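Okay, target03.txt now, which holds compact mmCIF, C-alpha atoms and all ligand atoms:
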# COMPACT_ATOMS: atom_id res chain seq x y z
CA MET A 24 38.70 161.38 155.05
CA PRO A 25 38.10 158.01 153.39
CA THR A 26 38.44 154.91 155.50
CA VAL A 27 39.59 151.42 154.74
CA LEU A 28 38.86 148.17 156.50
CA GLY A 29 41.74 146.83 158.55
CA GLN A 30 42.21 143.45 160.16
CA ASN A 31 38.90 141.75 160.82
CA GLN A 32 37.71 138.39 162.05
CA TYR A 33 34.50 136.88 163.27
CA GLY A 34 33.10 133.69 164.72
CA LYS A 35 31.39 132.28 167.79
CA ALA A 36 33.29 132.73 171.03
CA GLU A 37 33.06 130.43 174.03
CA THR A 38 30.92 127.54 172.86
CA ARG A 39 30.76 125.30 175.91
CA VAL A 40 30.60 121.71 174.78
CA VAL A 41 30.68 118.64 177.00
CA ARG A 42 31.13 115.25 175.33
CA VAL A 43 30.27 112.11 177.29
CA THR A 44 31.53 108.73 176.07
CA ARG A 45 30.23 105.59 177.70
CA GLU A 46 31.93 102.26 178.15
CA GLY A 47 29.16 100.50 180.01
CA PRO A 48 29.08 101.95 183.52
CA VAL A 49 32.38 103.77 182.98
CA HIS A 50 31.88 107.24 181.53
CA HIS A 51 34.51 109.58 180.12
CA ILE A 52 34.08 113.32 179.68
CA ARG A 53 35.76 116.09 177.73
CA ASP A 54 34.75 119.62 178.66
CA LEU A 55 35.78 122.39 176.29
CA ASN A 56 35.28 126.08 175.73
CA VAL A 57 35.77 126.66 171.99
CA SER A 58 36.25 130.07 170.40
CA ILE A 59 36.31 130.40 166.63
CA ALA A 60 37.71 133.35 164.68
CA LEU A 61 37.43 133.26 160.89
CA SER A 62 38.88 135.68 158.39
CA GLY A 63 39.38 136.05 154.67
CA ALA A 64 37.47 137.83 151.93
CA MET A 65 35.13 139.67 154.24
CA SER A 66 35.24 143.24 152.98
CA ASP A 67 31.80 143.15 151.36
CA VAL A 68 29.96 142.36 154.57
CA HIS A 69 31.63 145.31 156.27
CA THR A 70 31.49 147.86 153.51
CA LYS A 71 28.52 146.82 151.34
CA GLY A 72 26.19 144.99 153.68
CA SER A 73 26.47 141.82 151.60
CA ASN A 74 26.34 138.61 153.61
CA ALA A 75 27.01 136.41 150.58
CA GLY A 76 30.41 135.32 151.89
CA VAL A 77 29.45 135.00 155.54
CA LEU A 78 29.06 131.65 157.21
CA PRO A 79 26.94 132.56 160.24
CA THR A 80 28.61 132.39 163.63
CA ASP A 81 25.59 130.34 164.68
CA THR A 82 26.64 127.72 162.13
CA THR A 83 30.15 127.63 163.56
CA LYS A 84 28.64 126.91 166.98
CA ASN A 85 26.49 124.12 165.56
CA THR A 86 29.55 122.65 163.88
CA VAL A 87 31.25 122.36 167.26
CA PHE A 88 28.38 120.27 168.65
CA ALA A 89 28.00 118.19 165.49
CA PHE A 90 31.74 117.44 165.34
CA ALA A 91 31.74 116.48 169.02
CA LYS A 92 29.13 113.88 168.16
CA GLU A 93 30.55 112.67 164.84
CA HIS A 94 34.24 112.64 165.64
CA GLY A 95 34.34 112.74 169.42
CA ILE A 96 36.94 114.86 171.23
CA ALA A 97 40.20 112.96 171.25
CA SER A 98 42.05 116.05 172.47
CA ALA A 99 41.70 119.82 172.36
CA GLU A 100 44.28 120.00 169.57
CA ASP A 101 42.73 117.25 167.48
CA PHE A 102 39.30 118.86 167.77
CA ALA A 103 40.65 122.32 166.86
CA VAL A 104 42.60 121.01 163.86
CA ARG A 105 39.49 119.32 162.53
CA LEU A 106 37.37 122.46 162.91
CA ALA A 107 40.00 124.75 161.39
CA ARG A 108 40.41 122.52 158.33
CA HIS A 109 36.64 122.27 157.92
CA PHE A 110 36.01 126.02 157.84
CA VAL A 111 38.92 126.89 155.56
CA SER A 112 38.40 124.06 153.11
CA GLY A 113 34.60 124.38 153.15
CA GLN A 114 34.15 128.08 152.33
CA GLU A 115 35.94 130.00 149.62
CA THR A 116 35.72 133.28 151.50
CA ILE A 117 37.31 131.84 154.65
CA HIS A 118 41.07 131.80 154.35
CA THR A 119 42.12 131.58 157.96
CA ALA A 120 40.54 129.92 160.96
CA ARG A 121 41.85 130.42 164.46
CA ILE A 122 40.35 127.97 166.94
CA ARG A 123 41.04 128.56 170.61
CA VAL A 124 40.21 125.87 173.10
CA GLU A 125 40.19 125.91 176.87
CA GLU A 126 39.83 122.48 178.36
CA TYR A 127 38.60 122.00 181.90
CA GLY A 128 40.12 119.02 183.69
CA TRP A 129 38.01 116.61 185.71
CA ASP A 130 39.08 113.87 188.12
CA ARG A 131 37.00 110.89 189.04
CA ILE A 132 35.23 110.71 192.38
CA PRO A 133 35.95 107.18 193.63
CA ALA A 134 32.74 105.14 193.66
CA ASP A 135 31.61 102.03 195.47
CA GLY A 136 31.23 99.22 192.94
CA ASP A 137 31.95 99.62 189.25
CA ALA A 138 29.86 102.76 188.58
CA ALA A 139 32.17 105.49 187.32
CA HIS A 140 30.12 108.50 186.26
CA SER A 141 31.02 111.04 188.96
CA PHE A 142 33.65 113.71 188.48
CA VAL A 143 35.18 116.65 190.36
CA ARG A 144 36.70 119.62 188.57
CA ARG A 145 40.41 119.97 189.03
CA GLY A 146 41.82 122.81 191.10
CA GLN A 147 38.79 125.00 191.66
CA GLU A 148 37.95 124.92 195.32
CA THR A 149 38.71 127.30 198.14
CA ARG A 150 38.62 126.26 201.77
CA THR A 151 37.11 128.79 204.15
CA ALA A 152 36.99 129.35 207.92
CA GLN A 153 35.45 131.92 210.22
CA VAL A 154 35.91 132.04 213.99
CA THR A 155 33.93 134.32 216.28
CA TYR A 156 34.77 134.61 220.00
CA HIS A 157 32.80 136.54 222.61
CA GLY A 158 34.88 136.85 225.79
CA GLN A 159 33.70 136.68 229.40
CA SER A 160 32.34 140.23 229.50
CA ASN A 161 30.51 139.79 226.28
CA GLY A 162 27.24 141.45 227.18
CA HIS A 163 25.38 138.22 226.57
CA GLY A 164 23.61 138.11 229.90
CA GLY A 165 26.56 136.69 231.81
CA GLN A 166 26.64 133.45 229.87
CA GLY A 167 30.39 133.54 229.76
CA GLU A 168 32.46 133.09 226.69
CA GLN A 169 31.05 131.93 223.38
CA TRP A 170 32.79 130.44 220.39
CA GLN A 171 31.54 129.86 216.92
CA VAL A 172 33.77 128.00 214.47
CA LEU A 173 32.59 127.76 210.88
CA SER A 174 34.45 125.78 208.23
CA GLY A 175 33.56 125.47 204.62
CA LEU A 176 34.45 125.40 200.99
CA LYS A 177 33.43 127.14 197.83
CA GLY A 178 33.93 126.42 194.16
CA LEU A 179 34.00 122.63 194.40
CA VAL A 180 32.55 121.72 191.00
CA VAL A 181 31.13 118.22 190.57
CA MET A 182 29.26 116.33 187.87
CA ASN A 183 27.32 113.09 187.53
CA THR A 184 26.83 112.00 183.93
CA THR A 185 23.90 109.76 184.82
CA ASP A 186 21.71 108.67 187.78
CA SER A 187 19.87 111.98 187.72
CA GLU A 188 16.21 112.49 186.79
CA PHE A 189 13.85 115.43 187.06
CA HIS A 190 10.11 114.97 186.49
CA GLY A 191 6.77 115.11 188.24
CA TYR A 192 7.07 118.83 188.95
CA VAL A 193 4.36 121.48 188.83
CA LYS A 194 3.40 122.60 185.34
CA ASP A 195 1.69 125.90 184.77
CA ARG A 196 1.07 127.77 181.52
CA TYR A 197 4.67 128.97 181.41
CA THR A 198 6.33 125.60 181.95
CA THR A 199 8.27 124.35 178.94
CA LEU A 200 10.97 122.22 180.62
CA PRO A 201 10.82 118.66 179.30
CA GLU A 202 10.76 115.92 181.92
CA THR A 203 13.92 113.85 181.96
CA ARG A 204 14.84 110.39 183.23
CA ASP A 205 18.53 110.75 182.52
CA ARG A 206 20.36 114.04 182.68
CA ILE A 207 23.69 115.46 183.71
CA LEU A 208 23.68 116.79 187.25
CA ALA A 209 26.42 119.32 187.86
CA THR A 210 26.86 121.86 190.59
CA GLU A 211 29.40 124.01 192.36
CA VAL A 212 29.37 123.09 196.02
CA ASN A 213 29.40 126.09 198.33
CA ALA A 214 29.16 124.88 201.91
CA CYS A 215 29.60 126.17 205.43
CA TRP A 216 29.39 123.94 208.48
CA ARG A 217 29.36 124.76 212.17
CA HIS A 218 31.41 122.86 214.71
CA ALA A 219 29.78 121.89 217.98
CA GLY A 220 31.24 122.95 221.31
CA ARG A 221 34.45 124.79 222.13
CA PRO A 222 37.47 124.73 219.87
CA GLU A 223 40.04 124.37 222.67
CA GLY A 224 41.16 121.61 224.97
CA ASP A 225 41.09 118.43 222.95
CA LYS A 226 43.04 120.06 220.11
CA PRO A 227 40.78 119.30 217.18
CA ASP A 228 42.54 118.31 213.99
CA TRP A 229 40.91 120.85 211.70
CA ASP A 230 42.65 119.61 208.57
CA ALA A 231 41.45 116.05 209.09
CA SER A 232 37.97 117.31 209.91
CA TYR A 233 37.90 119.33 206.69
CA GLU A 234 39.02 116.38 204.60
CA ARG A 235 36.36 114.15 206.12
CA ALA A 236 33.59 116.68 205.55
CA ARG A 237 34.72 117.24 201.95
CA GLY A 238 34.86 113.48 201.46
CA HIS A 239 31.31 113.05 202.75
CA LEU A 240 30.05 115.78 200.41
CA LEU A 241 31.70 114.14 197.41
CA ALA A 242 30.65 110.61 198.37
CA ALA A 243 27.04 111.65 198.90
CA PHE A 244 26.98 113.57 195.61
CA ALA A 245 28.39 110.57 193.74
CA GLY A 246 26.37 107.94 195.57
CA THR A 247 22.92 109.50 195.49
CA TYR A 248 20.54 108.51 192.71
CA SER A 249 19.03 111.95 192.26
CA LEU A 250 15.43 112.89 191.59
CA SER A 251 16.29 116.57 192.11
CA LEU A 252 19.25 118.68 193.15
CA GLN A 253 17.26 119.43 196.31
CA GLN A 254 17.31 115.72 197.18
CA THR A 255 21.02 115.50 196.46
CA LEU A 256 21.66 118.56 198.63
CA TYR A 257 19.85 116.99 201.57
CA ALA A 258 21.77 113.73 201.12
CA MET A 259 25.07 115.64 201.10
CA GLY A 260 24.24 117.69 204.18
CA SER A 261 22.84 114.84 206.21
CA ARG A 262 25.81 112.65 205.47
CA VAL A 263 28.12 115.27 206.97
CA VAL A 264 25.98 115.76 210.10
CA ASP A 265 25.28 112.02 210.53
CA GLN A 266 28.90 110.95 210.15
CA GLU A 267 30.57 113.80 212.03
CA PRO A 268 29.45 114.14 215.65
CA GLY A 269 31.48 117.36 215.90
CA ILE A 270 29.45 119.10 213.21
CA ASP A 271 25.94 120.24 214.16
CA GLU A 272 24.84 122.10 211.08
CA ILE A 273 25.71 122.66 207.44
CA ARG A 274 24.47 125.22 204.95
CA LEU A 275 24.70 124.35 201.27
CA SER A 276 24.31 126.66 198.28
CA LEU A 277 24.24 124.68 195.04
CA PRO A 278 23.90 126.34 191.64
CA ASN A 279 22.41 123.91 189.15
CA LYS A 280 24.96 124.04 186.34
CA HIS A 281 22.61 123.14 183.53
CA HIS A 282 23.82 120.91 180.72
CA PHE A 283 21.33 120.92 177.85
CA LEU A 284 21.37 118.17 175.24
CA ALA A 285 22.52 119.70 171.97
CA ASP A 286 19.82 119.32 169.33
CA LEU A 287 21.60 117.55 166.49
CA ARG A 288 18.47 116.44 164.60
CA PRO A 289 18.74 119.25 162.02
CA PHE A 290 22.06 117.66 160.97
CA GLY A 291 20.66 114.13 160.77
CA LEU A 292 22.48 113.10 163.95
CA ASP A 293 21.00 111.54 167.04
CA ASN A 294 22.16 112.49 170.51
CA ASP A 295 21.92 109.67 172.96
CA ASN A 296 23.06 111.74 175.96
CA GLU A 297 26.47 112.31 174.41
CA VAL A 298 26.82 115.98 173.51
CA TYR A 299 25.78 118.76 175.86
CA PHE A 300 25.77 122.53 175.88
CA ALA A 301 27.03 123.70 179.28
CA ALA A 302 25.08 126.88 180.01
CA ASP A 303 26.55 129.28 182.54
CA ARG A 304 23.48 131.45 183.24
CA PRO A 305 20.81 131.68 184.31
CA TYR A 306 21.14 128.83 186.77
CA GLY A 307 18.86 127.25 189.31
CA LEU A 308 20.08 127.98 192.81
CA ILE A 309 19.23 125.39 195.42
CA GLU A 310 20.03 126.29 199.03
CA ALA A 311 19.21 124.71 202.37
CA THR A 312 20.49 124.11 205.88
CA VAL A 313 20.71 120.58 207.27
CA LEU A 314 21.06 120.36 211.04
CA ARG A 315 21.12 117.90 213.87
CA ASP A 316 17.63 117.53 215.31
CA GLY A 317 17.24 119.80 218.32
CA VAL A 318 20.02 122.29 217.59
CA THR A 319 19.38 125.90 216.69
CA ALA A 320 20.48 127.04 213.27
CA ALA A 321 23.25 129.64 213.38
CA VAL A 322 25.11 129.45 210.06
CA PRO A 323 24.27 132.52 207.96
CA VAL A 324 21.70 131.84 205.27
CA ASP A 325 23.60 133.89 202.70
CA LEU A 326 27.01 132.29 202.26
CA THR A 327 28.19 135.08 199.97
CA ASN A 328 28.73 137.20 203.09
CA LEU A 329 31.26 134.71 204.43
CA PRO A 330 34.94 134.83 203.54
O1 LIG B 1 16.98 119.44 190.39
C1 LIG B 1 16.26 120.37 189.97
N1 LIG B 1 15.47 121.05 190.83
C2 LIG B 1 14.65 122.06 190.42
O2 LIG B 1 13.93 122.67 191.25
C3 LIG B 1 14.65 122.37 189.05
N2 LIG B 1 13.98 123.30 188.31
C4 LIG B 1 14.38 123.16 187.04
O3 LIG B 1 13.99 123.86 186.07
N3 LIG B 1 15.30 122.15 186.93
C5 LIG B 1 15.47 121.65 188.17
N4 LIG B 1 16.27 120.66 188.64
Output the file's structure as structure tokens, nothing else.
Amino acid sequence: MPTVLGQNQYGKAETRVVRVTREGPVHHIRDLNVSIALSGAMSDVHTKGSNAGVLPTDTTKNTVFAFAKEHGIASAEDFAVRLARHFVSGQETIHTARIRVEEYGWDRIPADGDAAHSFVRRGQETRTAQVTYHGQSNGHGGQGEQWQVLSGLKGLVVMNTTDSEFHGYVKDRYTTLPETRDRILATEVNACWRHAGRPEGDKPDWDASYERARGHLLAAFAGTYSLSLQQTLYAMGSRVVDQEPGIDEIRLSLPNKHHFLADLRPFGLDNDNEVYFAADRPYGLIEATVLRDGVTAAVPVDLTNLP
């Protein structure tokens, strides 16, 4: 039976573009996921193998980064309108452009002084808790009852748009990473901390304790001039343990959410740390425990096994 070509469309899905705009020390960000679907006179590519009417999907991705630089991102709608008009008016074979945009919202992390380049992603985090209680006859050599109270959070996504460098690392024959003195540092904070002592008696205010620990994590992330995510991790963990006498230990698992500078040179555009490609994988994964000197570590090393 003969076949005919039905509805068809093509384009680059999920281009992750982050646009940073600077007003002195005050930075603004727009964070989009852009999906492009183009359609029109595309039968020849499907049925004859002719690419003569095909604007490559790779080009549509490049256009997203170039437009972010040239026109900025005033809003998701404005950006999508501009792209849609460009593709349809620029190519005879493209009659329809559907541009879908997801925008991720970010709130500012309050900073000391006038620096304003630290952000926390809206509505992502989950608070966690795990309590373990061994009663009197617990088989632990007659030590009596034992409590372990772990609190934590996962999915707290944060970003600094400056004050992050990475250089001076080992280079072997496979190293290609360029050294940088100014990069975006973004991570998803996954943390679990262990409370000292017994949970009863003085009626601990767990909600207030959680808010303080979360606040320390955010403040240390925002306030640390970072030479590596490892250094930032240690600053975050030690701030919690230093400031909270009731917390003896914290485990942090921080994926390095890489933001690569988009290369706009082929289009005659410079990129002065303004337009980034937000890669989702692979990612560096930086993990460590920070504990009060003298205590024994007890938080599980692998936080994925926790609730
Ligand atoms: O903060 C970082 N720590 C690393 O260990 C590392 N490795 C890498 O490629 N980039 C980074 N960034």
Please extract the residues at most 7 Å from ligand LIG 1 (chain B), counting only C-alpha atoms and all ligand atoms, and provide them as number ranges by chain, using the chain letters and residue numbers of this document.
A: 189, 200, 250-253, 279, 307
Test item: which residues lie within 10 Å of (26.5, 131.6, 185.0) counting all atoms listed in the file, as a PyMOL selection string
chain A and resi 278-281+301-307
Polymer residues at most 8 Å from (12.3, 114.9, 188.0) by only C-alpha atoms, as a list in words
Glu188, Phe189, His190, Gly191, Tyr192, Glu202, Thr203, Arg204, Leu250 and Ser251 of chain A
Would you list the contacts of Asp271 (chain A) as a list in words, taking every protein, DNA or RNA residue within 7 Å and counting all atoms listed in the file, but skipping same-chain residues closer than 6 positions in sequence?
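Once the nearby chain positions are removed, what remains is Arg217, His218, Ala219, Val264, Leu314 and Arg315 of chain A.
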Kindly indicate which residue among A:Leu208, A:Ile59, A:Ala321, A:Ile122 lies nearest to Ala103 (chain A), using all atoms listed in the file for the distances.
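For Ala103 (chain A), the nearest of the candidates is A:Ile122.
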